[in-house]
$ cat structure17.txt   # compact mmCIF, C-alpha atoms and all ligand atoms
# COMPACT_ATOMS: atom_id res chain seq x y z
CA MET A 1 -25.85 42.55 -0.24
CA ILE A 2 -28.29 39.76 0.48
CA ILE A 3 -25.54 37.41 1.69
CA SER A 4 -22.47 37.85 3.89
CA ASP A 5 -19.04 38.74 2.49
CA LYS A 6 -17.67 35.51 3.89
CA ILE A 7 -20.18 33.31 2.08
CA GLN A 8 -19.86 35.38 -1.10
CA LYS A 9 -16.16 34.55 -1.03
CA LEU A 10 -16.90 30.85 -0.64
CA ILE A 11 -19.35 30.95 -3.54
CA THR A 12 -16.85 32.59 -5.86
CA ASN A 13 -13.96 30.60 -4.44
CA GLN A 14 -12.09 28.91 -7.24
CA GLU A 15 -11.28 25.85 -5.16
CA GLY A 16 -14.69 24.19 -4.78
CA TRP A 17 -13.55 21.82 -7.48
CA THR A 18 -15.29 18.59 -6.54
CA ARG A 19 -18.76 20.08 -6.81
CA ARG A 20 -17.80 22.04 -9.91
CA MET A 21 -16.64 18.93 -11.70
CA PHE A 22 -19.74 17.06 -10.56
CA GLU A 23 -21.97 19.83 -11.97
CA GLU A 24 -19.94 19.85 -15.18
CA GLY A 25 -20.41 16.07 -15.35
CA LEU A 26 -24.19 16.50 -15.16
CA ARG A 27 -24.04 18.96 -18.06
CA ILE A 28 -21.95 16.63 -20.21
CA LYS A 29 -24.20 13.67 -19.36
CA LYS A 30 -27.16 15.60 -20.72
CA GLN A 31 -25.24 16.26 -23.90
CA TYR A 32 -23.75 12.79 -24.52
CA GLY A 33 -26.03 10.49 -22.51
CA GLU A 34 -25.26 9.20 -19.07
CA GLU A 35 -23.72 5.93 -20.25
CA ASN A 36 -21.13 7.76 -22.36
CA VAL A 37 -19.68 9.83 -19.52
CA TYR A 38 -17.30 8.33 -16.95
CA ASP A 39 -17.84 10.40 -13.87
CA PHE A 40 -15.19 9.92 -11.17
CA SER A 41 -15.70 13.31 -9.58
CA LEU A 42 -17.71 12.73 -6.41
CA GLY A 43 -17.15 10.46 -3.40
CA ASN A 44 -20.79 9.41 -3.36
CA PRO A 45 -20.74 5.59 -3.08
CA ASP A 46 -22.76 3.70 -5.71
CA THR A 47 -22.98 0.81 -3.21
CA GLU A 48 -26.27 -0.01 -1.52
CA THR A 49 -26.66 -0.21 2.25
CA PRO A 50 -26.13 -3.82 3.51
CA ASP A 51 -29.33 -5.93 3.53
CA GLU A 52 -29.28 -6.48 7.28
CA VAL A 53 -29.27 -2.70 7.81
CA GLN A 54 -32.24 -2.27 5.47
CA LYS A 55 -34.08 -5.06 7.32
CA ALA A 56 -33.37 -3.52 10.72
CA LEU A 57 -34.79 -0.22 9.50
CA ILE A 58 -37.97 -1.86 8.23
CA GLU A 59 -38.26 -3.81 11.47
CA SER A 60 -37.80 -0.70 13.56
CA LEU A 61 -40.47 1.24 11.67
CA SER A 62 -42.84 -1.72 11.63
CA ASN A 63 -42.69 -2.05 15.42
CA PRO A 64 -42.68 1.54 16.60
CA VAL A 65 -41.73 2.14 20.21
CA LYS A 66 -43.36 5.02 22.06
CA GLY A 67 -41.15 8.11 21.98
CA MET A 68 -38.73 6.77 19.37
CA HIS A 69 -38.79 10.02 17.41
CA ARG A 70 -38.42 12.38 20.37
CA TYR A 71 -35.48 14.54 21.38
CA MET A 72 -32.94 12.82 23.57
CA SER A 73 -29.81 14.01 25.35
CA ASN A 74 -27.55 16.05 23.01
CA ASN A 75 -24.87 13.34 23.05
CA GLY A 76 -27.34 10.64 21.95
CA TYR A 77 -28.92 7.50 23.39
CA GLU A 78 -26.95 6.03 26.26
CA ASP A 79 -27.50 2.39 25.22
CA VAL A 80 -26.27 3.17 21.70
CA ARG A 81 -23.18 4.92 23.08
CA GLU A 82 -22.52 1.87 25.25
CA GLU A 83 -22.78 -0.45 22.22
CA ILE A 84 -20.22 1.68 20.39
CA ALA A 85 -17.97 1.90 23.45
CA ALA A 86 -18.01 -1.92 23.72
CA TYR A 87 -16.96 -2.20 20.08
CA LEU A 88 -14.13 0.30 20.56
CA ARG A 89 -12.96 -1.39 23.79
CA GLU A 90 -12.55 -4.61 21.85
CA LEU A 91 -10.99 -2.93 18.80
CA HIS A 92 -8.50 -0.70 20.61
CA GLY A 93 -8.06 -2.42 23.98
CA VAL A 94 -8.79 0.91 25.70
CA PRO A 95 -11.46 1.39 28.44
CA PHE A 96 -14.08 3.42 26.56
CA THR A 97 -17.43 3.95 28.29
CA ALA A 98 -20.68 5.39 26.95
CA ASN A 99 -19.50 8.76 28.28
CA HIS A 100 -16.59 8.83 25.83
CA ILE A 101 -18.89 8.51 22.82
CA PHE A 102 -20.84 11.41 21.36
CA MET A 103 -23.34 10.74 18.55
CA THR A 104 -23.08 13.24 15.68
CA VAL A 105 -24.63 14.35 12.43
CA GLY A 106 -22.08 12.51 10.29
CA CYS A 107 -18.37 13.07 10.40
CA ALA A 108 -18.83 16.62 9.10
CA GLY A 109 -21.12 17.44 12.03
CA GLY A 110 -18.69 15.73 14.42
CA LEU A 111 -15.69 17.71 13.19
CA ASN A 112 -17.62 20.97 13.42
CA ILE A 113 -18.79 20.48 17.01
CA LEU A 114 -15.33 19.32 18.02
CA LEU A 115 -13.52 22.25 16.40
CA LYS A 116 -16.08 24.69 17.82
CA SER A 117 -15.50 23.20 21.26
CA MET A 118 -11.70 23.26 21.01
CA LEU A 119 -10.68 26.38 19.16
CA SER A 120 -10.29 29.92 20.40
CA ARG A 121 -9.89 32.62 17.76
CA GLY A 122 -6.46 32.39 16.14
CA ASP A 123 -5.73 28.82 17.28
CA GLU A 124 -3.97 26.82 14.62
CA VAL A 125 -4.71 23.37 13.26
CA ILE A 126 -2.11 21.53 11.23
CA VAL A 127 -3.46 19.60 8.26
CA PRO A 128 -1.26 17.27 6.20
CA SER A 129 -1.79 17.91 2.49
CA PRO A 130 -3.23 16.75 0.08
CA PHE A 131 -6.36 17.12 2.17
CA PHE A 132 -10.16 17.10 2.13
CA TRP A 133 -10.95 20.69 1.22
CA GLU A 134 -13.84 21.06 3.65
CA PHE A 135 -11.35 20.90 6.55
CA LYS A 136 -10.41 24.49 5.75
CA ASN A 137 -14.02 25.59 6.01
CA TYR A 138 -14.63 23.60 9.18
CA ILE A 139 -11.57 25.11 10.90
CA GLU A 140 -12.33 28.65 9.74
CA ASN A 141 -16.00 28.27 10.77
CA HIS A 142 -14.79 28.38 14.36
CA GLY A 143 -12.13 31.08 14.20
CA GLY A 144 -9.22 28.69 13.64
CA ILE A 145 -6.37 28.96 11.17
CA MET A 146 -5.43 26.00 9.00
CA ARG A 147 -1.69 25.34 8.59
CA LEU A 148 -1.13 23.07 5.63
CA VAL A 149 1.95 20.84 5.64
CA GLN A 150 2.79 18.90 2.49
CA THR A 151 3.33 15.17 2.88
CA LYS A 152 6.15 13.36 1.10
CA LYS A 153 5.92 11.81 -2.37
CA ASP A 154 4.43 8.63 -0.89
CA PHE A 155 1.90 10.81 1.04
CA GLN A 156 3.40 9.89 4.42
CA PHE A 157 4.24 12.61 6.97
CA ASP A 158 7.25 14.83 6.59
CA ILE A 159 7.98 15.15 10.32
CA ASP A 160 10.54 17.97 9.85
CA LYS A 161 7.96 20.03 8.02
CA ILE A 162 5.33 19.35 10.68
CA GLU A 163 7.79 20.37 13.38
CA LYS A 164 8.51 23.63 11.58
CA ALA A 165 4.77 24.35 11.25
CA ILE A 166 4.11 24.04 14.99
CA THR A 167 3.76 27.39 16.79
CA LYS A 168 2.61 28.35 20.28
CA LYS A 169 -0.89 28.60 18.79
CA THR A 170 -1.00 25.01 17.50
CA LYS A 171 -3.91 23.26 19.12
CA ALA A 172 -4.36 20.16 17.01
CA ILE A 173 -3.33 18.17 13.99
CA LEU A 174 -6.18 16.93 11.84
CA LEU A 175 -5.45 13.58 10.18
CA ASN A 176 -7.50 11.58 7.73
CA SER A 177 -6.46 7.97 7.15
CA PRO A 178 -7.37 6.27 4.83
CA ASN A 179 -7.11 9.56 3.08
CA ASN A 180 -9.32 11.55 0.79
CA PRO A 181 -7.94 12.32 -1.85
CA THR A 182 -4.88 10.03 -1.95
CA GLY A 183 -6.22 6.71 -0.62
CA ALA A 184 -3.02 6.50 1.45
CA VAL A 185 -3.03 5.18 5.00
CA TYR A 186 -0.50 6.42 7.52
CA THR A 187 1.90 3.65 8.44
CA GLU A 188 2.85 2.73 12.00
CA GLU A 189 6.28 4.29 11.32
CA SER A 190 4.71 7.58 10.20
CA ILE A 191 2.35 7.69 13.18
CA ARG A 192 5.12 6.85 15.65
CA GLY A 193 7.30 9.63 14.19
CA LEU A 194 4.46 12.12 14.63
CA ILE A 195 3.73 10.97 18.17
CA GLU A 196 7.37 11.24 19.17
CA LEU A 197 7.27 14.87 18.06
CA LEU A 198 3.96 15.55 19.86
CA ASN A 199 5.26 13.94 23.05
CA THR A 200 8.33 16.16 22.91
CA LYS A 201 6.00 19.16 22.69
CA ARG A 202 4.00 17.82 25.65
CA GLY A 203 7.23 17.55 27.61
CA GLN A 204 7.75 21.25 26.86
CA GLY A 205 4.27 22.09 28.16
CA GLN A 206 2.29 22.22 24.92
CA ASP A 207 -0.61 19.79 24.47
CA ILE A 208 -1.36 19.17 20.82
CA TYR A 209 -4.40 16.99 20.14
CA ILE A 210 -4.74 14.52 17.30
CA ILE A 211 -8.11 14.70 15.60
CA CYS A 212 -8.49 11.68 13.41
CA ASP A 213 -11.09 11.80 10.67
CA ASP A 214 -12.01 8.11 10.47
CA ALA A 215 -14.60 8.41 7.70
CA TYR A 216 -12.88 5.59 5.74
CA LYS A 217 -11.48 3.51 8.59
CA LYS A 218 -13.10 0.24 7.48
CA LEU A 219 -12.17 0.68 3.83
CA VAL A 220 -8.65 -0.72 4.04
CA TYR A 221 -7.11 -3.21 1.60
CA ASP A 222 -4.35 -5.83 1.37
CA GLY A 223 -5.02 -6.87 4.99
CA PHE A 224 -3.45 -3.62 6.24
CA ARG A 225 -4.14 -2.85 9.91
CA LEU A 226 -4.44 0.79 10.89
CA PRO A 227 -2.09 1.82 13.72
CA ASN A 228 -3.90 1.86 17.08
CA LEU A 229 -3.76 5.61 17.76
CA PHE A 230 -5.58 5.33 21.10
CA GLN A 231 -2.84 3.03 22.40
CA LEU A 232 -0.04 5.19 21.07
CA TYR A 233 -1.03 8.69 22.20
CA ASP A 234 -3.21 10.10 24.98
CA LEU A 235 -4.76 13.18 23.36
CA VAL A 236 -6.88 11.67 20.61
CA TYR A 237 -10.35 12.40 19.25
CA ALA A 238 -11.56 10.07 16.51
CA VAL A 239 -14.45 11.20 14.37
CA THR A 240 -16.24 8.36 12.63
CA SER A 241 -18.89 8.29 9.96
CA HIS A 242 -21.23 5.63 8.63
CA SER A 243 -21.54 7.41 5.30
CA LYS A 244 -19.02 5.11 3.64
CA ASP A 245 -18.80 1.87 5.64
CA LEU A 246 -22.59 1.41 5.77
CA ALA A 247 -23.24 3.49 2.62
CA LEU A 248 -25.53 5.90 4.49
CA PRO A 249 -24.24 9.36 3.51
CA GLY A 250 -27.71 10.82 3.14
CA GLU A 251 -28.75 9.75 6.62
CA ARG A 252 -26.07 11.77 8.44
CA ILE A 253 -24.82 9.58 11.25
CA GLY A 254 -21.46 9.31 12.97
CA TYR A 255 -19.79 9.81 16.33
CA VAL A 256 -16.88 11.35 18.16
CA ALA A 257 -14.83 8.98 20.34
CA ILE A 258 -12.89 10.77 23.08
CA SER A 259 -9.81 8.99 24.37
CA PRO A 260 -10.33 7.78 27.96
CA ASN A 261 -6.84 9.16 28.58
CA ILE A 262 -8.12 12.72 28.20
CA THR A 263 -8.72 13.47 31.87
CA ASP A 264 -11.03 16.44 31.23
CA TYR A 265 -13.31 14.47 28.93
CA GLY A 266 -16.40 15.40 30.99
CA LEU A 267 -15.75 19.06 30.27
CA MET A 268 -15.33 18.26 26.59
CA VAL A 269 -18.67 16.40 26.56
CA SER A 270 -20.37 19.48 28.06
CA ALA A 271 -18.69 21.64 25.40
CA LEU A 272 -19.79 19.29 22.62
CA MET A 273 -23.36 19.43 23.94
CA ILE A 274 -23.38 23.21 23.80
CA SER A 275 -21.84 23.15 20.32
CA MET A 276 -24.42 20.61 19.16
CA ARG A 277 -27.21 22.94 20.29
CA THR A 278 -25.77 26.24 19.20
CA LEU A 279 -24.88 24.97 15.74
CA GLY A 280 -28.46 23.79 15.46
CA PHE A 281 -27.85 20.05 15.11
CA VAL A 282 -29.47 19.42 18.55
CA ASN A 283 -28.94 15.66 18.33
CA ALA A 284 -27.94 13.01 15.81
CA PRO A 285 -30.86 11.38 13.90
CA ALA A 286 -32.67 9.06 16.32
CA LEU A 287 -33.46 6.21 13.93
CA PHE A 288 -29.91 6.02 12.63
CA GLN A 289 -28.34 6.15 16.07
CA ARG A 290 -30.06 2.80 16.68
CA ILE A 291 -28.64 1.47 13.40
CA ALA A 292 -25.15 2.73 14.27
CA GLY A 293 -25.29 0.97 17.64
CA LYS A 294 -26.31 -2.36 16.13
CA PHE A 295 -24.00 -2.41 13.13
CA GLN A 296 -20.55 -1.40 14.37
CA LYS A 297 -19.10 -4.65 13.04
CA THR A 298 -20.85 -4.51 9.68
CA SER A 299 -19.67 -2.87 6.50
CA VAL A 300 -20.33 -2.83 2.79
CA ASP A 301 -18.35 -5.37 0.76
CA ILE A 302 -14.76 -4.12 1.06
CA GLY A 303 -13.69 -6.78 -1.46
CA GLU A 304 -15.74 -5.01 -4.14
CA TYR A 305 -13.88 -1.76 -3.56
CA GLU A 306 -10.58 -3.61 -3.56
CA LYS A 307 -11.49 -5.16 -6.95
CA LYS A 308 -12.29 -1.71 -8.33
CA ARG A 309 -9.01 -0.34 -6.99
CA ASP A 310 -7.04 -3.15 -8.64
CA LEU A 311 -8.83 -2.72 -11.94
CA LEU A 312 -8.36 1.05 -12.07
CA TYR A 313 -4.77 0.92 -10.84
CA GLY A 314 -3.98 -1.66 -13.56
CA ILE A 315 -5.50 0.61 -16.20
CA LEU A 316 -3.50 3.62 -15.01
CA MET A 317 -0.27 1.62 -15.03
CA GLU A 318 -1.02 0.30 -18.51
CA ALA A 319 -1.68 3.87 -19.65
CA GLY A 320 1.69 5.00 -18.25
CA PHE A 321 0.53 7.14 -15.32
CA GLU A 322 2.53 7.58 -12.13
CA CYS A 323 0.48 6.78 -9.03
CA VAL A 324 1.05 5.62 -5.44
CA LYS A 325 -1.10 2.49 -5.08
CA PRO A 326 -3.75 3.38 -2.51
CA LYS A 327 -4.27 1.15 0.51
CA GLY A 328 -7.71 2.42 1.46
CA ALA A 329 -10.78 4.62 0.84
CA PHE A 330 -11.98 4.81 -2.78
CA TYR A 331 -9.72 7.44 -4.26
CA MET A 332 -6.61 7.45 -6.42
CA PHE A 333 -4.36 10.45 -6.79
CA PRO A 334 -2.16 10.05 -9.89
CA LYS A 335 0.37 12.57 -11.04
CA SER A 336 -0.76 14.60 -14.00
CA PRO A 337 1.52 13.92 -16.98
CA ILE A 338 1.82 17.70 -17.46
CA TYR A 339 2.31 20.06 -14.53
CA ASP A 340 -0.80 22.07 -15.33
CA GLU A 341 -3.31 19.44 -14.28
CA LEU A 342 -6.18 21.75 -15.20
CA GLU A 343 -5.18 21.59 -18.85
CA PHE A 344 -4.86 17.80 -18.56
CA ILE A 345 -8.21 17.18 -16.93
CA ARG A 346 -9.87 19.45 -19.46
CA ALA A 347 -8.47 17.21 -22.18
CA LEU A 348 -9.67 14.12 -20.29
CA GLN A 349 -13.12 15.63 -20.08
CA GLN A 350 -13.40 17.00 -23.62
CA GLU A 351 -11.66 14.22 -25.50
CA GLU A 352 -12.61 11.16 -23.44
CA ARG A 353 -15.60 12.32 -21.35
CA ILE A 354 -13.80 11.25 -18.16
CA MET A 355 -14.53 13.47 -15.16
CA VAL A 356 -11.93 13.79 -12.41
CA VAL A 357 -11.00 16.56 -9.95
CA PRO A 358 -7.81 18.67 -10.14
CA GLY A 359 -5.24 18.19 -7.39
CA ARG A 360 -5.29 21.92 -6.57
CA GLY A 361 -8.76 21.29 -5.12
CA PHE A 362 -6.95 19.22 -2.45
CA GLY A 363 -3.87 21.36 -1.91
CA ARG A 364 -1.52 19.81 -4.45
CA LYS A 365 -1.16 21.01 -8.02
CA GLY A 366 0.10 18.66 -10.71
CA TYR A 367 -2.10 15.75 -9.59
CA PHE A 368 -5.70 14.71 -10.05
CA ARG A 369 -8.20 12.69 -8.01
CA ILE A 370 -10.22 9.76 -9.28
CA ALA A 371 -13.13 8.67 -7.04
CA TYR A 372 -13.73 5.03 -8.01
CA CYS A 373 -16.85 4.46 -5.89
CA VAL A 374 -18.70 3.90 -9.18
CA ALA A 375 -20.06 0.82 -10.98
CA ILE A 376 -17.28 -1.53 -12.07
CA GLU A 377 -18.57 -1.20 -15.68
CA THR A 378 -17.81 2.52 -15.56
CA ILE A 379 -14.19 1.74 -14.74
CA GLN A 380 -14.04 -0.95 -17.44
CA LYS A 381 -15.54 1.37 -20.03
CA SER A 382 -13.19 4.21 -19.14
CA ARG A 383 -10.16 2.04 -19.91
CA GLU A 384 -9.84 2.92 -23.58
CA GLY A 385 -10.06 6.63 -22.81
CA PHE A 386 -7.32 6.46 -20.17
CA ILE A 387 -5.10 4.41 -22.50
CA ARG A 388 -5.64 6.76 -25.45
CA ILE A 389 -4.92 9.89 -23.42
CA GLY A 390 -2.05 8.15 -21.67
CA LYS A 391 -0.46 7.46 -25.06
CA ARG A 392 -0.75 11.08 -26.02
CA TYR A 393 0.50 12.60 -22.77
CA THR A 394 2.60 10.17 -20.75
CA LYS A 395 4.82 9.06 -23.62
CA ARG A 396 5.77 12.62 -24.65
C1 LIG B 401 -12.34 12.92 4.64
C2 LIG B 401 -13.80 13.11 4.81
N1 LIG B 401 -14.27 13.52 5.99
C3 LIG B 401 -15.59 13.72 6.18
C4 LIG B 401 -16.49 13.52 5.17
C5 LIG B 401 -17.94 13.75 5.44
O1 LIG B 401 -18.48 12.62 6.02
P1 LIG B 401 -20.00 12.60 6.55
O2 LIG B 401 -20.87 12.26 5.40
O3 LIG B 401 -20.01 11.53 7.58
O4 LIG B 401 -20.28 13.93 7.12
C6 LIG B 401 -16.04 13.09 3.92
C7 LIG B 401 -16.99 12.90 2.82
O5 LIG B 401 -16.67 12.65 1.70
C8 LIG B 401 -14.67 12.89 3.74
O6 LIG B 401 -14.17 12.49 2.57
$ encode --input "structure17.txt" --output "structure tokens"
Amino acid sequence: MIISDKIQKLITNQEGWTRRMFEEGLRIKKQYGEENVYDFSLGNPDTETPDEVQKALIESLSNPVKGMHRYMSNNGYEDVREEIAAYLRELHGVPFTANHIFMTVGCAGGLNILLKSMLSRGDEVIVPSPFFWEFKNYIENHGGIMRLVQTKKDFQFDIDKIEKAITKKTKAILLNSPNNPTGAVYTEESIRGLIELLNTKRGQGQDIYIICDDAYKKLVYDGFRLPNLFQLYDLVYAVTSHSKDLALPGERIGYVAISPNITDYGLMVSALMISMRTLGFVNAPALFQRIAGKFQKTSVDIGEYEKKRDLLYGILMEAGFECVKPKGAFYMFPKSPIYDELEFIRALQQEERIMVVPGRGFGRKGYFRIAYCVAIETIQKSREGFIRIGKRYTKR
């Protein structure tokens, strides 16, 4: 065969739902016209990059500096890493230096180099579910085994279940808060419960690392403050992306922040450098490292996302759906009114031309994900469809 068995399996894999629904959306748009399809399938922000970022890019290219497009050290420019470290020192009150920051090719690139650097074959990574499906691929890319643990109804941790899932092989727990697909953020109480458990394990001689996927860390609503993980636990890696907060997903820029409390961090930096090279990333994009350094305190208009959340949540409530109100990111994860959410989302698609993704694509059947990073008009125009289908299904 022209391709490997492993990749063949991924191609035929029934769970690549987000892309499948996106492709299906494209087909339906051709048939009915783009304006008559309400596509909530993909987390690709419709927001534009902030003006000041655009200006800085133009400025940078208009005043080229010698060598600005050359290779640099695998962990990125030192001055950029120092700018990020300064931001994180202020944010977390923890003594980050440039050496604790590693520039990456987005969050996806960051997670891959980190998992490659951490995992030996057969090591296990606990992932609270519902979860971002790519985590499975990232973990398995590097010989790891994903152990899914369902969260509670409110999408907070079920500590008993996490405790039961820990084995001698558990190396890390991979968190994502605000969460894709639920929009939930882990509360201080949830995080403290988890850390108490992990500290007990440390006391028994087992170090379990927290890897925090921070792709949505600035997209938080209602004035909620994310718990300060770096203050609460020593063994933390945070992987950040500027795909969402600066609306730069196509430019592939992010970073790994290593807790200064990890005493062997120098060894980890060497490992990340090797992983960066051997996976073929080499270094994060030069131009966008500069942008990342300058714009740590900038983000797209969070108020706009909050408005969209409120509008969509109101529509779902009016239509009779059950849904935990999300506190962050740009996803909602309502319960399907019938257990077979595939049947329900097919009806949504065929009868109302509304595209969403089935919950089984995120590890929980009976739910569906709505990505509301779309124009506000799309949400407004989808209202009638949600209400009509809600009447038919939720009132049965
Ligand atoms: C939870 C989560 N992590 C990582 C990524 C990938 O981020 P990046 O574009 O920075 O690689 C996404 C993208 O949607 C995501 O939802």
$ closest_atom_pairs --input "structure17.txt" --of "stretch 68-186 of chain A" --to "stretch 314-323 of chain A" --cutoff "12 Å" --atoms "all atoms listed in the file" --output "tab-separated table"
residue	atom	partner	partner_atom	distance
A:Lys153	CA	A:Cys323	CA	10.0
A:Asp154	CA	A:Cys323	CA	9.2
A:Phe155	CA	A:Cys323	CA	10.9
A:Thr182	CA	A:Cys323	CA	9.5
A:Gly183	CA	A:Cys323	CA	10.8
A:Ala184	CA	A:Cys323	CA	11.1
$ closest_atom_pairs --input "structure17.txt" --of "chain A" --to "ligand LIG 401 (chain B)" --cutoff "10 Å" --atoms "all atoms listed in the file" --output "Markdown table"
| residue | atom | partner | partner_atom | distance |
| --- | --- | --- | --- | --- |
| A:Leu42 | CA | B:LIG401 | O5 | 8.2 |
| A:Gly43 | CA | B:LIG401 | O5 | 5.6 |
| A:Asn44 | CA | B:LIG401 | O5 | 7.3 |
| A:Pro45 | CA | B:LIG401 | O5 | 9.4 |
| A:Thr104 | CA | B:LIG401 | O3 | 8.8 |
| A:Val105 | CA | B:LIG401 | O4 | 6.9 |
| A:Gly106 | CA | B:LIG401 | O3 | 3.5 |
| A:Cys107 | CA | B:LIG401 | O3 | 3.6 |
| A:Ala108 | CA | B:LIG401 | O4 | 3.6 |
| A:Gly109 | CA | B:LIG401 | O4 | 6.1 |
| A:Gly110 | CA | B:LIG401 | O4 | 7.7 |
| A:Leu111 | CA | B:LIG401 | C3 | 8.1 |
| A:Asn112 | CA | B:LIG401 | O4 | 9.8 |
| A:Phe131 | CA | B:LIG401 | C1 | 7.7 |
| A:Phe132 | CA | B:LIG401 | C1 | 5.3 |
| A:Trp133 | CA | B:LIG401 | C1 | 8.6 |
| A:Glu134 | CA | B:LIG401 | N1 | 7.9 |
| A:Phe135 | CA | B:LIG401 | N1 | 8.0 |
| A:Leu175 | CA | B:LIG401 | C1 | 8.9 |
| A:Asn176 | CA | B:LIG401 | C1 | 5.9 |
| A:Ser177 | CA | B:LIG401 | C1 | 8.1 |
| A:Pro178 | CA | B:LIG401 | C1 | 8.3 |
| A:Asn179 | CA | B:LIG401 | C1 | 6.4 |
| A:Asn180 | CA | B:LIG401 | C1 | 5.1 |
| A:Pro181 | CA | B:LIG401 | O6 | 7.6 |
| A:Cys212 | CA | B:LIG401 | N1 | 9.6 |
| A:Asp213 | CA | B:LIG401 | N1 | 5.9 |
| A:Asp214 | CA | B:LIG401 | N1 | 7.4 |
| A:Ala215 | CA | B:LIG401 | N1 | 5.4 |
| A:Tyr216 | CA | B:LIG401 | C1 | 7.4 |
| A:Val239 | CA | B:LIG401 | C3 | 8.6 |
| A:Thr240 | CA | B:LIG401 | O3 | 7.1 |
| A:Ser241 | CA | B:LIG401 | O3 | 4.2 |
| A:His242 | CA | B:LIG401 | O3 | 6.1 |
| A:Ser243 | CA | B:LIG401 | O2 | 4.9 |
| A:Lys244 | CA | B:LIG401 | O2 | 7.6 |
| A:Asp245 | CA | B:LIG401 | O3 | 9.9 |
| A:Ala247 | CA | B:LIG401 | O2 | 9.5 |
| A:Leu248 | CA | B:LIG401 | O2 | 7.9 |
| A:Pro249 | CA | B:LIG401 | O2 | 4.8 |
| A:Gly250 | CA | B:LIG401 | O2 | 7.3 |
| A:Glu251 | CA | B:LIG401 | O2 | 8.4 |
| A:Arg252 | CA | B:LIG401 | O2 | 6.0 |
| A:Ile253 | CA | B:LIG401 | O3 | 6.4 |
| A:Gly254 | CA | B:LIG401 | O3 | 6.0 |
| A:Tyr255 | CA | B:LIG401 | O3 | 8.9 |
| A:Ala329 | CA | B:LIG401 | O6 | 8.7 |
| A:Phe330 | CA | B:LIG401 | O6 | 9.6 |
| A:Tyr331 | CA | B:LIG401 | O6 | 9.6 |
$ closest_residue --input "structure17.txt" --among "A:Lys30, A:Thr394, A:Leu148, A:Glu163" --to "A:Asn199" --atoms "all atoms listed in the file"
A:Glu163
$ closest_atom_pairs --input "structure17.txt" --of "stretch 32-136 of chain A" --to "stretch 351-365 of chain A" --cutoff "8 Å" --atoms "all atoms listed in the file" --output "tab-separated table"
residue	atom	partner	partner_atom	distance
A:Asn36	CA	A:Arg353	CA	7.2
A:Val37	CA	A:Arg353	CA	5.1
A:Tyr38	CA	A:Ile354	CA	4.7
A:Asp39	CA	A:Met355	CA	4.7
A:Phe40	CA	A:Val356	CA	5.2
A:Ser41	CA	A:Val356	CA	4.7
A:Ser129	CA	A:Gly363	CA	6.0
A:Pro130	CA	A:Gly363	CA	5.1
A:Phe131	CA	A:Phe362	CA	5.1
A:Phe132	CA	A:Phe362	CA	6.0
A:Trp133	CA	A:Phe362	CA	5.6
$ atom_distance --input "structure17.txt" --atom1 "atom CA of A:Val300" --atom2 "atom CA of A:Glu48"
7.9 Å
$ closest_residue --input "structure17.txt" --among "A:Arg147, A:Leu219, A:Thr200, A:Lys327" --to "A:Thr298" --atoms "all atoms listed in the file"
A:Leu219
$ closest_atom_pairs --input "structure17.txt" --of "stretch 106-158 of chain A" --to "stretch 275-294 of chain A" --cutoff "7 Å" --atoms "all atoms listed in the file" --output "tab-separated table"
residue	atom	partner	partner_atom	distance
A:Ile113	CA	A:Ser275	CA	5.2
A:Lys116	CA	A:Ser275	CA	6.5
A:Ser117	CA	A:Ser275	CA	6.4
$ atom_distance --input "structure17.txt" --atom1 "atom CA of A:Gly76" --atom2 "atom CA of A:Thr97"
13.5 Å
$ atom_distance --input "structure17.txt" --atom1 "atom CA of A:Pro260" --atom2 "atom CA of A:Val94"
7.4 Å
$ residues_around --input "structure17.txt" --residues "stretch 203-210 of chain A" --least-positions-apart "6" --cutoff "8 Å" --atoms "all atoms listed in the file" --output "ChimeraX atom specification"
/A:168,170-175,235-237
$ closest_residue --input "structure17.txt" --among "A:Ile389, A:Val80, A:Leu10, A:Leu88" --to "A:Arg346" --atoms "all atoms listed in the file"
A:Ile389
$ residues_near_point --input "structure17.txt" --point "(-4.6, 33.2, 9.2)" --cutoff "10 Å" --atoms "all atoms listed in the file" --output "CSV table (one decimal) with C-alpha atoms, in the frame of the given file"
chain,number,residue,atom,x,y,z
A,122,GLY,CA,-6.5,32.4,16.1
A,123,ASP,CA,-5.7,28.8,17.3
A,124,GLU,CA,-4.0,26.8,14.6
A,140,GLU,CA,-12.3,28.6,9.7
A,143,GLY,CA,-12.1,31.1,14.2
A,144,GLY,CA,-9.2,28.7,13.6
A,145,ILE,CA,-6.4,29.0,11.2
A,146,MET,CA,-5.4,26.0,9.0
A,147,ARG,CA,-1.7,25.3,8.6
$ axis_aligned_box --input "structure17.txt" --around "stretch 18-31 of chain A" --padding-each-side "8 Å" --output "lines of an AutoDock Vina configuration file"
center_x = -21.2
center_y = 17.9
center_z = -15.2
size_x = 27.9
size_y = 24.4
size_z = 33.4
